[in-house]
Structure formats: C-alpha cells, structure tokens
$ cat protein_9.tsv   # TSV, C-alpha atoms and all ligand atoms
chain	number	residue	atom	x	y	z
A	1	MET	CA	123.14	-107.05	-68.05
A	2	THR	CA	125.45	-108.51	-70.65
A	3	SER	CA	124.72	-107.45	-74.21
A	4	TRP	CA	126.38	-107.25	-77.60
A	5	ILE	CA	128.24	-104.08	-78.46
A	6	GLU	CA	128.65	-103.42	-82.19
A	7	ILE	CA	132.14	-101.89	-82.40
A	8	ALA	CA	132.16	-101.76	-86.22
A	9	ASP	CA	129.82	-102.85	-89.03
A	10	ARG	CA	128.60	-106.35	-87.96
A	11	VAL	CA	131.56	-106.80	-85.61
A	12	TYR	CA	130.43	-107.34	-82.04
A	13	VAL	CA	131.98	-107.82	-78.63
A	14	ARG	CA	130.31	-109.22	-75.54
A	15	ARG	CA	131.63	-108.45	-72.08
A	16	TYR	CA	131.24	-110.60	-68.98
A	17	ALA	CA	131.61	-109.85	-65.27
A	18	GLU	CA	133.16	-113.30	-64.71
A	19	LEU	CA	136.92	-112.79	-65.21
A	20	ASP	CA	136.10	-109.53	-67.04
A	21	LEU	CA	136.11	-111.67	-70.21
A	22	THR	CA	135.48	-110.32	-73.70
A	23	VAL	CA	134.41	-112.49	-76.64
A	24	GLY	CA	133.72	-111.50	-80.24
A	25	LEU	CA	131.43	-112.15	-83.18
A	26	VAL	CA	131.97	-111.23	-86.84
A	27	VAL	CA	129.00	-111.62	-89.17
A	28	GLY	CA	129.31	-111.95	-92.95
A	29	ASP	CA	126.76	-112.67	-95.70
A	30	ASP	CA	127.11	-116.47	-95.52
A	31	GLY	CA	128.42	-117.23	-92.05
A	32	CYS	CA	129.57	-115.89	-88.71
A	33	LEU	CA	132.78	-116.26	-86.74
A	34	VAL	CA	132.69	-116.67	-82.96
A	35	ILE	CA	135.92	-115.55	-81.32
A	36	ASP	CA	136.35	-117.55	-78.09
A	37	THR	CA	133.57	-119.53	-76.43
A	38	ARG	CA	133.83	-118.77	-72.66
A	39	GLY	CA	134.84	-121.20	-69.93
A	40	ASP	CA	132.37	-124.08	-69.57
A	41	LEU	CA	129.36	-125.70	-71.23
A	42	GLU	CA	126.80	-123.46	-69.49
A	43	GLN	CA	128.70	-120.28	-70.32
A	44	GLY	CA	129.10	-121.56	-73.88
A	45	ALA	CA	125.36	-122.22	-74.12
A	46	GLU	CA	124.62	-118.66	-72.99
A	47	LEU	CA	126.96	-117.36	-75.68
A	48	ALA	CA	125.55	-119.65	-78.37
A	49	ALA	CA	122.03	-118.40	-77.61
A	50	ALA	CA	123.29	-114.82	-77.73
A	51	VAL	CA	124.86	-115.47	-81.15
A	52	ARG	CA	121.57	-116.91	-82.36
A	53	SER	CA	119.76	-113.80	-81.14
A	54	LEU	CA	121.80	-111.85	-83.71
A	55	THR	CA	122.17	-114.21	-86.65
A	56	PRO	CA	120.92	-117.59	-87.92
A	57	LEU	CA	123.99	-118.02	-90.19
A	58	PRO	CA	126.27	-121.07	-89.85
A	59	TRP	CA	128.96	-120.55	-87.25
A	60	THR	CA	132.69	-121.07	-87.22
A	61	VAL	CA	134.73	-120.82	-84.01
A	62	VAL	CA	138.27	-119.55	-83.51
A	63	TYR	CA	140.25	-119.84	-80.28
A	64	THR	CA	142.59	-116.97	-79.49
A	65	HIS	CA	144.50	-119.41	-77.25
A	66	ALA	CA	144.18	-122.51	-75.08
A	67	HIS	CA	143.26	-121.00	-71.71
A	68	PHE	CA	140.03	-122.43	-70.32
A	69	ASP	CA	138.07	-119.17	-70.13
A	70	HIS	CA	138.48	-118.70	-73.90
A	71	CYS	CA	137.76	-122.16	-75.28
A	72	PHE	CA	135.99	-124.56	-72.89
A	73	GLY	CA	132.44	-123.55	-73.91
A	74	THR	CA	132.58	-124.95	-77.44
A	75	SER	CA	130.37	-128.03	-76.97
A	76	ALA	CA	127.48	-125.53	-77.20
A	77	PHE	CA	128.40	-124.87	-80.86
A	78	PRO	CA	127.58	-128.17	-82.57
A	79	GLY	CA	128.80	-128.56	-86.13
A	80	ALA	CA	131.22	-125.66	-85.95
A	81	SER	CA	134.67	-125.86	-87.50
A	82	VAL	CA	137.09	-124.78	-84.78
A	83	TRP	CA	140.21	-122.91	-85.81
A	84	ALA	CA	143.27	-122.46	-83.62
A	85	HIS	CA	147.02	-122.40	-83.73
A	86	ARG	CA	148.72	-125.79	-83.85
A	87	LEU	CA	150.30	-125.23	-80.42
A	88	CYS	CA	146.92	-124.26	-78.95
A	89	HIS	CA	145.69	-127.69	-80.06
A	90	LYS	CA	148.74	-129.31	-78.48
A	91	ASP	CA	148.21	-127.47	-75.18
A	92	MET	CA	144.54	-128.47	-75.06
A	93	ALA	CA	145.24	-132.08	-75.99
A	94	GLU	CA	147.98	-132.43	-73.37
A	95	HIS	CA	146.67	-130.29	-70.53
A	96	GLY	CA	142.95	-129.67	-71.16
A	97	ALA	CA	141.69	-132.46	-68.90
A	98	SER	CA	143.89	-131.41	-65.99
A	99	GLU	CA	142.94	-127.76	-66.54
A	100	LEU	CA	139.25	-128.74	-66.24
A	101	ARG	CA	139.95	-130.36	-62.86
A	102	LYS	CA	142.18	-127.51	-61.71
A	103	TRP	CA	139.63	-124.80	-62.46
A	104	SER	CA	136.75	-126.81	-61.03
A	105	ALA	CA	138.69	-127.07	-57.75
A	106	HIS	CA	139.54	-123.38	-57.96
A	107	TYR	CA	135.90	-122.31	-58.29
A	108	LEU	CA	134.82	-124.67	-55.53
A	109	ALA	CA	137.42	-123.12	-53.21
A	110	GLU	CA	136.30	-119.66	-54.33
A	111	GLY	CA	132.72	-120.38	-53.23
A	112	LYS	CA	131.32	-120.72	-56.76
A	113	PRO	CA	130.09	-124.34	-56.77
A	114	SER	CA	127.79	-123.85	-59.78
A	115	ILE	CA	130.74	-122.96	-62.04
A	116	ALA	CA	132.72	-125.89	-60.59
A	117	ALA	CA	129.81	-128.23	-61.36
A	118	ALA	CA	129.50	-126.85	-64.90
A	119	LEU	CA	133.20	-127.48	-65.48
A	120	ASP	CA	132.76	-131.05	-64.20
A	121	ARG	CA	130.12	-131.59	-66.92
A	122	THR	CA	132.11	-129.89	-69.67
A	123	SER	CA	133.59	-131.81	-72.61
A	124	LEU	CA	136.49	-130.19	-74.39
A	125	VAL	CA	136.31	-129.55	-78.12
A	126	LEU	CA	139.76	-129.68	-79.69
A	127	PRO	CA	140.45	-127.46	-82.71
A	128	THR	CA	139.55	-129.07	-86.03
A	129	ASP	CA	141.42	-126.67	-88.34
A	130	LEU	CA	144.99	-125.79	-87.43
A	131	VAL	CA	146.92	-122.63	-88.27
A	132	ASP	CA	150.71	-122.50	-88.52
A	133	ASP	CA	151.43	-118.93	-89.59
A	134	HIS	CA	148.35	-117.61	-91.31
A	135	ALA	CA	144.91	-118.61	-92.53
A	136	SER	CA	142.16	-116.76	-94.34
A	137	LEU	CA	138.45	-117.33	-93.74
A	138	SER	CA	135.60	-116.11	-95.91
A	139	LEU	CA	132.32	-115.32	-94.19
A	140	GLY	CA	130.67	-114.21	-97.45
A	141	GLY	CA	131.55	-110.75	-98.69
A	142	ARG	CA	134.01	-110.42	-95.85
A	143	GLU	CA	137.46	-111.92	-95.27
A	144	VAL	CA	138.98	-112.55	-91.86
A	145	SER	CA	142.66	-113.38	-91.30
A	146	LEU	CA	144.04	-115.58	-88.54
A	147	VAL	CA	147.67	-114.77	-87.80
A	148	TYR	CA	150.18	-116.37	-85.43
A	149	ALA	CA	152.17	-113.82	-83.45
A	150	GLY	CA	154.80	-116.15	-81.98
A	151	LEU	CA	155.45	-117.38	-78.44
A	152	ALA	CA	153.94	-114.74	-76.17
A	153	HIS	CA	151.09	-114.89	-73.62
A	154	SER	CA	150.90	-118.62	-74.37
A	155	SER	CA	152.52	-120.82	-77.00
A	156	GLY	CA	149.65	-120.60	-79.47
A	157	ASP	CA	148.09	-117.12	-79.50
A	158	LEU	CA	146.23	-116.10	-82.69
A	159	LEU	CA	145.32	-112.64	-83.94
A	160	VAL	CA	141.95	-112.31	-85.69
A	161	HIS	CA	141.97	-109.46	-88.21
A	162	VAL	CA	138.82	-108.03	-89.79
A	163	PRO	CA	140.37	-105.63	-92.30
A	164	ASP	CA	137.19	-104.09	-93.72
A	165	ALA	CA	136.11	-103.16	-90.19
A	166	ARG	CA	139.59	-102.05	-89.04
A	167	VAL	CA	139.34	-104.33	-86.00
A	168	LEU	CA	141.91	-106.73	-84.54
A	169	PHE	CA	141.07	-109.32	-81.89
A	170	VAL	CA	144.19	-110.20	-79.87
A	171	GLY	CA	143.07	-112.49	-77.03
A	172	ASP	CA	145.28	-112.12	-73.96
A	173	LEU	CA	148.29	-110.78	-75.87
A	174	VAL	CA	146.98	-107.46	-74.56
A	175	GLU	CA	145.35	-107.14	-71.14
A	176	ASN	CA	143.10	-104.24	-70.22
A	177	GLY	CA	142.11	-103.75	-66.60
A	178	ALA	CA	144.62	-106.20	-65.12
A	179	PRO	CA	148.33	-106.87	-65.58
A	180	PRO	CA	149.35	-109.37	-68.28
A	181	GLN	CA	149.24	-113.00	-67.14
A	182	PHE	CA	152.60	-114.76	-67.29
A	183	GLY	CA	151.67	-118.23	-65.95
A	184	ASP	CA	151.96	-119.87	-69.39
A	185	ALA	CA	153.92	-117.10	-71.06
A	186	HIS	CA	157.17	-116.58	-72.93
A	187	PRO	CA	158.20	-113.25	-71.37
A	188	LEU	CA	161.27	-112.61	-73.54
A	189	SER	CA	159.48	-112.85	-76.89
A	190	TRP	CA	156.06	-111.50	-75.84
A	191	PRO	CA	156.94	-107.84	-76.71
A	192	THR	CA	157.58	-108.91	-80.33
A	193	ALA	CA	153.94	-110.03	-80.63
A	194	LEU	CA	152.84	-106.51	-79.69
A	195	THR	CA	155.18	-105.12	-82.34
A	196	THR	CA	153.30	-107.33	-84.82
A	197	ILE	CA	149.98	-105.96	-83.53
A	198	LEU	CA	151.24	-102.39	-83.91
A	199	GLU	CA	151.89	-103.02	-87.63
A	200	TYR	CA	148.14	-103.33	-88.28
A	201	ASP	CA	146.22	-100.30	-89.51
A	202	VAL	CA	143.21	-100.72	-87.21
A	203	ASP	CA	141.03	-98.49	-85.07
A	204	VAL	CA	140.02	-101.02	-82.42
A	205	VAL	CA	142.04	-103.71	-80.67
A	206	VAL	CA	139.86	-106.18	-78.77
A	207	ALA	CA	141.65	-107.65	-75.76
A	208	GLY	CA	140.49	-110.91	-74.19
A	209	HIS	CA	139.66	-109.14	-70.93
A	210	GLY	CA	138.47	-105.61	-70.28
A	211	ASP	CA	137.11	-103.05	-72.72
A	212	PRO	CA	138.53	-102.79	-76.25
A	213	VAL	CA	141.56	-100.54	-76.61
A	214	ASP	CA	143.48	-98.69	-79.34
A	215	LEU	CA	147.01	-98.97	-80.71
A	216	SER	CA	148.37	-96.36	-78.29
A	217	PHE	CA	147.31	-98.61	-75.40
A	218	VAL	CA	149.13	-101.51	-77.11
A	219	ALA	CA	152.26	-99.38	-77.53
A	220	ALA	CA	152.24	-98.51	-73.82
A	221	GLN	CA	151.78	-102.14	-72.84
A	222	ARG	CA	154.64	-103.14	-75.14
A	223	GLU	CA	156.95	-100.80	-73.20
A	224	GLU	CA	155.90	-102.44	-69.92
A	225	LEU	CA	156.41	-105.92	-71.37
A	226	ARG	CA	159.83	-104.86	-72.71
A	227	ALA	CA	160.76	-103.65	-69.22
A	228	VAL	CA	159.69	-106.99	-67.73
A	229	ALA	CA	161.63	-108.91	-70.40
A	230	GLN	CA	164.72	-106.85	-69.63
A	231	LEU	CA	164.39	-107.61	-65.91
A	232	CYS	CA	163.93	-111.31	-66.66
A	233	ARG	CA	167.08	-111.32	-68.82
A	234	ALA	CA	169.07	-109.55	-66.11
A	235	VAL	CA	167.97	-111.99	-63.41
A	236	ALA	CA	168.62	-114.99	-65.67
A	237	SER	CA	172.16	-113.81	-66.38
A	238	GLY	CA	172.87	-113.11	-62.71
A	239	GLU	CA	173.21	-109.34	-63.14
A	240	LEU	CA	170.16	-108.54	-61.01
A	241	SER	CA	168.64	-110.02	-57.86
A	242	THR	CA	165.06	-111.23	-57.86
A	243	SER	CA	164.09	-108.70	-55.20
A	244	ASP	CA	165.56	-105.82	-57.23
A	245	ALA	CA	163.66	-107.06	-60.30
A	246	LEU	CA	160.39	-107.21	-58.36
A	247	ALA	CA	160.98	-103.67	-57.09
A	248	ALA	CA	161.75	-102.30	-60.56
A	249	SER	CA	158.87	-104.04	-62.40
A	250	PRO	CA	155.88	-102.09	-63.74
A	251	TYR	CA	153.68	-104.94	-62.44
A	252	PRO	CA	152.82	-106.33	-58.99
A	253	ALA	CA	155.30	-108.81	-57.49
A	254	GLU	CA	153.14	-111.91	-58.03
A	255	PHE	CA	152.99	-111.21	-61.79
A	256	THR	CA	156.68	-110.40	-62.13
A	257	ARG	CA	157.61	-113.47	-60.10
A	258	GLU	CA	155.71	-115.66	-62.58
A	259	ALA	CA	157.49	-113.97	-65.48
A	260	LEU	CA	160.86	-114.68	-63.84
A	261	GLU	CA	159.95	-118.31	-63.18
A	262	ARG	CA	158.74	-118.79	-66.75
A	263	THR	CA	161.93	-117.26	-68.13
A	264	LEU	CA	164.10	-119.63	-66.11
A	265	SER	CA	161.97	-122.71	-66.86
A	266	THR	CA	161.65	-122.13	-70.63
A	267	ARG	CA	165.26	-121.21	-71.36
A	301	ZN	ZN	145.03	-116.37	-71.36
$ encode --input "protein_9.tsv" --output "structure tokens"
Amino acid sequence: MTSWIEIADRVYVRRYAELDLTVGLVVGDDGCLVIDTRGDLEQGAELAAAVRSLTPLPWTVVYTHAHFDHCFGTSAFPGASVWAHRLCHKDMAEHGASELRKWSAHYLAEGKPSIAAALDRTSLVLPTDLVDDHASLSLGGREVSLVYAGLAHSSGDLLVHVPDARVLFVGDLVENGAPPQFGDAHPLSWPTALTTILEYDVDVVVAGHGDPVDLSFVAAQREELRAVAQLCRAVASGELSTSDALAASPYPAEFTREALERTLSTR
C-alpha cells in the first residue's frame, strides 16, 4: 500500500507502483508545498486526499518538469499557486494537449484503459508562477528554494531545496531504478546539472522515480551521463560510429540511441 514516508522533519515522499513515481510534500507552519502531482486527474485526486490526511494547511504546487507523470494531476489542487520553470510552462503550453492524447493511446495499447480514460478527462493546469533562475518560497518558519539547473533531462527542470531538512528534490535529473530518460533531454549539458546538485550540502536527494538516493549515487550517475555525452559528441563529430557508441554506453541501446538522436536534433 502506498503511504507517506517522512524522510526528514515534515518532509515526506510518496512512492507509487505506476512508473515507480515519487512525489514530495514539505509542510511548514503556514502552508505546504506539493512537489509534482502525478499523471492524471484521478491520480492527482488520490494525492490531494493523501496530502489532506497529513495537513489542512493551504497548498502550493511546484512542477519539477513538464513530463505528464509529474504534472498532469494538478486539477485536483484547486486554488493552488503552481510554480515551475519558464520553459516547463512553454513545453506544457505547446505540447501538453498532444502529450495527453499520446499517453492515453499508450495506456490503451498497454491494456490499462482506466488510466487512458482518466487522461481523456484530465484538464491541464499550466504553471501560474514562473522561475527563471531562482525563487524562494516561505511556508511559515521554513524556506524552500526553487533553482533552475539548466538544459538537462528536459528544458525546464527545477531543483527544490529544503535547507533546514538537508533534502533536495531533483525530479528526473537523477533516475534511480531505471536508466535516465533522454527522449526530451539535452545530453551534452545534462552532466552539468548533476554538478550543480553535488554542490548542495544535503543528506537526501529525492529522484522523480525510485527510492531517494544520496550524493554518492548522484556522483556515479554524473560519470555515466558524462560518458554518454562524450559518446554523443564523438558520433556528432564523425569520430565514432553509432554502433560503437551503443556498444560503449553504460546504458541499454534504446536509451543511448535516444541520446544520440537528441544530440543531433538539438545541435
Ligand atoms: Zn521526466
């Protein structure tokens, strides 16, 4: 059964079997911050009820990035301010409707018609408060920072730092339990975002999928991402064949192939 796990004082994560997703909740004296809202209106409603089982305080939402599983459940959080990076807003505004249709078709084909139907009934909630480089939120007796880490897993990934709890939420900039996803990524600059993460003095790093990790896990993943970036550069410059890059990659071929395609298409 899904339940809240308190990883630090009034900082919670909630883990889901579907996509191995992890969302977060930070509770202050005057308000609470919901970090990602799951993938459709029904999933969002489940999360909203779970938040209300812990706290009656007014809620604010932050999106770690624009991918559907992190931000399509927000209609279940009426009245919430919704923070995100400016490019997350742009991605959702331009591609959100087609992403809804794409993932509905995906779940139908996967034999999960109830999720497909929920997506069909889902209305997107675009961010209301946009971050360029940095923003600071007060939850009452507790500050939370939102920090842009540059083009990486997507164009608009935000870090959510809770300094008094020594916790950093990083969305899909770090993947635990599966290889990093390159479908929307900027493979050459992604390692730099992990360098930014490694500059934080924190005990827990909460990835968007899988169990929370620590900074040594992030350091190891940065080395893998650096290796992939190097392979992408070598293929782009003609020094290396695609098949040699796939063979040398730390990740399965389908993931590396996406990284190579993204590198060539975003140059
Ligand atoms: Zn993602």
$ residues_near_ligand --input "protein_9.tsv" --ligand "ligand ZN 301 (chain A)" --cutoff "10 Å" --atoms "only C-alpha atoms and all ligand atoms" --output "number ranges by chain"
A: 64-70, 153-154, 157, 171-175, 180-185, 208-209
$ closest_residue --input "protein_9.tsv" --among "A:Thr196, A:Ser123, A:Asn176, A:Ser249" --to "A:Ala149" --atoms "all atoms listed in the file"
A:Thr196
$ atom_distance --input "protein_9.tsv" --atom1 "atom CA of A:Glu42" --atom2 "atom CA of A:Gly24"
17.5 Å
$ atom_distance --input "protein_9.tsv" --atom1 "atom CA of A:Thr22" --atom2 "atom CA of A:Val62"
13.8 Å
$ atom_distance --input "protein_9.tsv" --atom1 "atom CA of A:His134" --atom2 "atom CA of A:Val147"
4.6 Å
$ residues_near_point --input "protein_9.tsv" --point "(150.3, -126.0, -78.5)" --cutoff "10 Å" --atoms "all atoms listed in the file" --output "VMD selection string"
chain A and resid 65 to 66 84 to 95 154 to 157
$ closest_residue --input "protein_9.tsv" --among "A:Arg166, A:Arg226, A:Arg101, A:His161" --to "A:Pro250" --atoms "all atoms listed in the file"
A:Arg226
$ closest_residue --input "protein_9.tsv" --among "A:Pro191, A:Pro127, A:Gly238, A:Pro179" --to "A:Pro252" --atoms "all atoms listed in the file"
A:Pro179
$ closest_residue --input "protein_9.tsv" --among "A:Ala76, A:Val82, A:Leu25, A:Ala152" --to "A:Thr122" --atoms "all atoms listed in the file"
A:Ala76
$ residues_around --input "protein_9.tsv" --residues "A:Asp214" --least-positions-apart "2" --cutoff "8 Å" --atoms "all atoms listed in the file" --output "PyMOL selection string"
chain A and resi 203-205+212+216-218
$ closest_residue --input "protein_9.tsv" --among "A:Thr60, A:Glu18, A:Phe72, A:Val26" --to "A:Ala45" --atoms "only C-alpha atoms"
A:Phe72
$ closest_residue --input "protein_9.tsv" --among "A:Leu124, A:Ile115, A:Val34, A:Leu159" --to "A:Ser81" --atoms "only C-alpha atoms"
A:Val34
$ build_atoms --input "protein_9.tsv" --residues "stretch 225-255 of chain A" --atoms "N, CA and C atoms" --output "short mmCIF file (atom, residue, chain, number, x, y, z; two decimals), keeping the file's coordinate frame"
data_model
loop_
_atom_site.label_atom_id
_atom_site.label_comp_id
_atom_site.auth_asym_id
_atom_site.auth_seq_id
_atom_site.Cartn_x
_atom_site.Cartn_y
_atom_site.Cartn_z
N LEU A 225 155.96 -104.54 -71.14
CA LEU A 225 156.41 -105.92 -71.37
C LEU A 225 157.90 -105.96 -71.71
N ARG A 226 158.39 -104.93 -72.43
CA ARG A 226 159.83 -104.86 -72.71
C ARG A 226 160.61 -104.69 -71.41
N ALA A 227 160.08 -103.86 -70.50
CA ALA A 227 160.76 -103.65 -69.22
C ALA A 227 160.82 -104.96 -68.43
N VAL A 228 159.71 -105.71 -68.43
CA VAL A 228 159.69 -106.99 -67.73
C VAL A 228 160.67 -107.96 -68.38
N ALA A 229 160.70 -108.01 -69.71
CA ALA A 229 161.63 -108.91 -70.40
C ALA A 229 163.08 -108.57 -70.04
N GLN A 230 163.37 -107.28 -69.97
CA GLN A 230 164.72 -106.85 -69.63
C GLN A 230 165.09 -107.29 -68.21
N LEU A 231 164.15 -107.16 -67.30
CA LEU A 231 164.39 -107.61 -65.91
C LEU A 231 164.59 -109.13 -65.87
N CYS A 232 163.80 -109.84 -66.64
CA CYS A 232 163.93 -111.31 -66.66
C CYS A 232 165.31 -111.71 -67.20
N ARG A 233 165.76 -111.02 -68.26
CA ARG A 233 167.08 -111.32 -68.82
C ARG A 233 168.18 -111.05 -67.79
N ALA A 234 168.04 -109.94 -67.07
CA ALA A 234 169.07 -109.55 -66.11
C ALA A 234 169.14 -110.53 -64.94
N VAL A 235 167.97 -111.01 -64.50
CA VAL A 235 167.97 -111.99 -63.41
C VAL A 235 168.54 -113.32 -63.91
N ALA A 236 168.15 -113.71 -65.13
CA ALA A 236 168.62 -114.99 -65.67
C ALA A 236 170.14 -115.01 -65.85
N SER A 237 170.70 -113.86 -66.17
CA SER A 237 172.16 -113.81 -66.38
C SER A 237 172.92 -113.52 -65.10
N GLY A 238 172.20 -113.33 -64.00
CA GLY A 238 172.87 -113.11 -62.71
C GLY A 238 173.25 -111.66 -62.46
N GLU A 239 172.85 -110.76 -63.34
CA GLU A 239 173.21 -109.34 -63.14
C GLU A 239 172.32 -108.64 -62.12
N LEU A 240 171.15 -109.22 -61.84
CA LEU A 240 170.16 -108.54 -61.01
C LEU A 240 169.56 -109.56 -60.05
N SER A 241 169.28 -109.12 -58.82
CA SER A 241 168.64 -110.02 -57.86
C SER A 241 167.13 -110.06 -58.13
N THR A 242 166.51 -111.14 -57.70
CA THR A 242 165.06 -111.23 -57.86
C THR A 242 164.36 -110.08 -57.14
N SER A 243 164.78 -109.76 -55.96
CA SER A 243 164.09 -108.70 -55.20
C SER A 243 164.24 -107.35 -55.89
N ASP A 244 165.40 -107.08 -56.50
CA ASP A 244 165.56 -105.82 -57.23
C ASP A 244 164.67 -105.81 -58.48
N ALA A 245 164.53 -106.98 -59.12
CA ALA A 245 163.66 -107.06 -60.30
C ALA A 245 162.20 -106.81 -59.91
N LEU A 246 161.78 -107.40 -58.80
CA LEU A 246 160.39 -107.21 -58.36
C LEU A 246 160.14 -105.73 -58.05
N ALA A 247 161.14 -105.08 -57.45
CA ALA A 247 160.98 -103.67 -57.09
C ALA A 247 160.94 -102.76 -58.32
N ALA A 248 161.66 -103.16 -59.37
CA ALA A 248 161.75 -102.30 -60.56
C ALA A 248 160.63 -102.56 -61.58
N SER A 249 159.86 -103.63 -61.39
CA SER A 249 158.87 -104.04 -62.40
C SER A 249 157.68 -103.08 -62.45
N PRO A 250 157.12 -102.88 -63.64
CA PRO A 250 155.88 -102.09 -63.74
C PRO A 250 154.67 -102.84 -63.18
N TYR A 251 154.82 -104.13 -62.89
CA TYR A 251 153.68 -104.94 -62.44
C TYR A 251 153.86 -105.42 -61.01
N PRO A 252 152.74 -105.82 -60.35
CA PRO A 252 152.82 -106.33 -58.99
C PRO A 252 153.75 -107.56 -58.90
N ALA A 253 154.28 -107.78 -57.68
CA ALA A 253 155.30 -108.81 -57.49
C ALA A 253 154.85 -110.19 -57.95
N GLU A 254 153.58 -110.54 -57.68
CA GLU A 254 153.14 -111.91 -58.03
C GLU A 254 153.21 -112.13 -59.54
N PHE A 255 152.95 -111.09 -60.32
CA PHE A 255 152.99 -111.21 -61.79
C PHE A 255 154.45 -111.29 -62.27
#
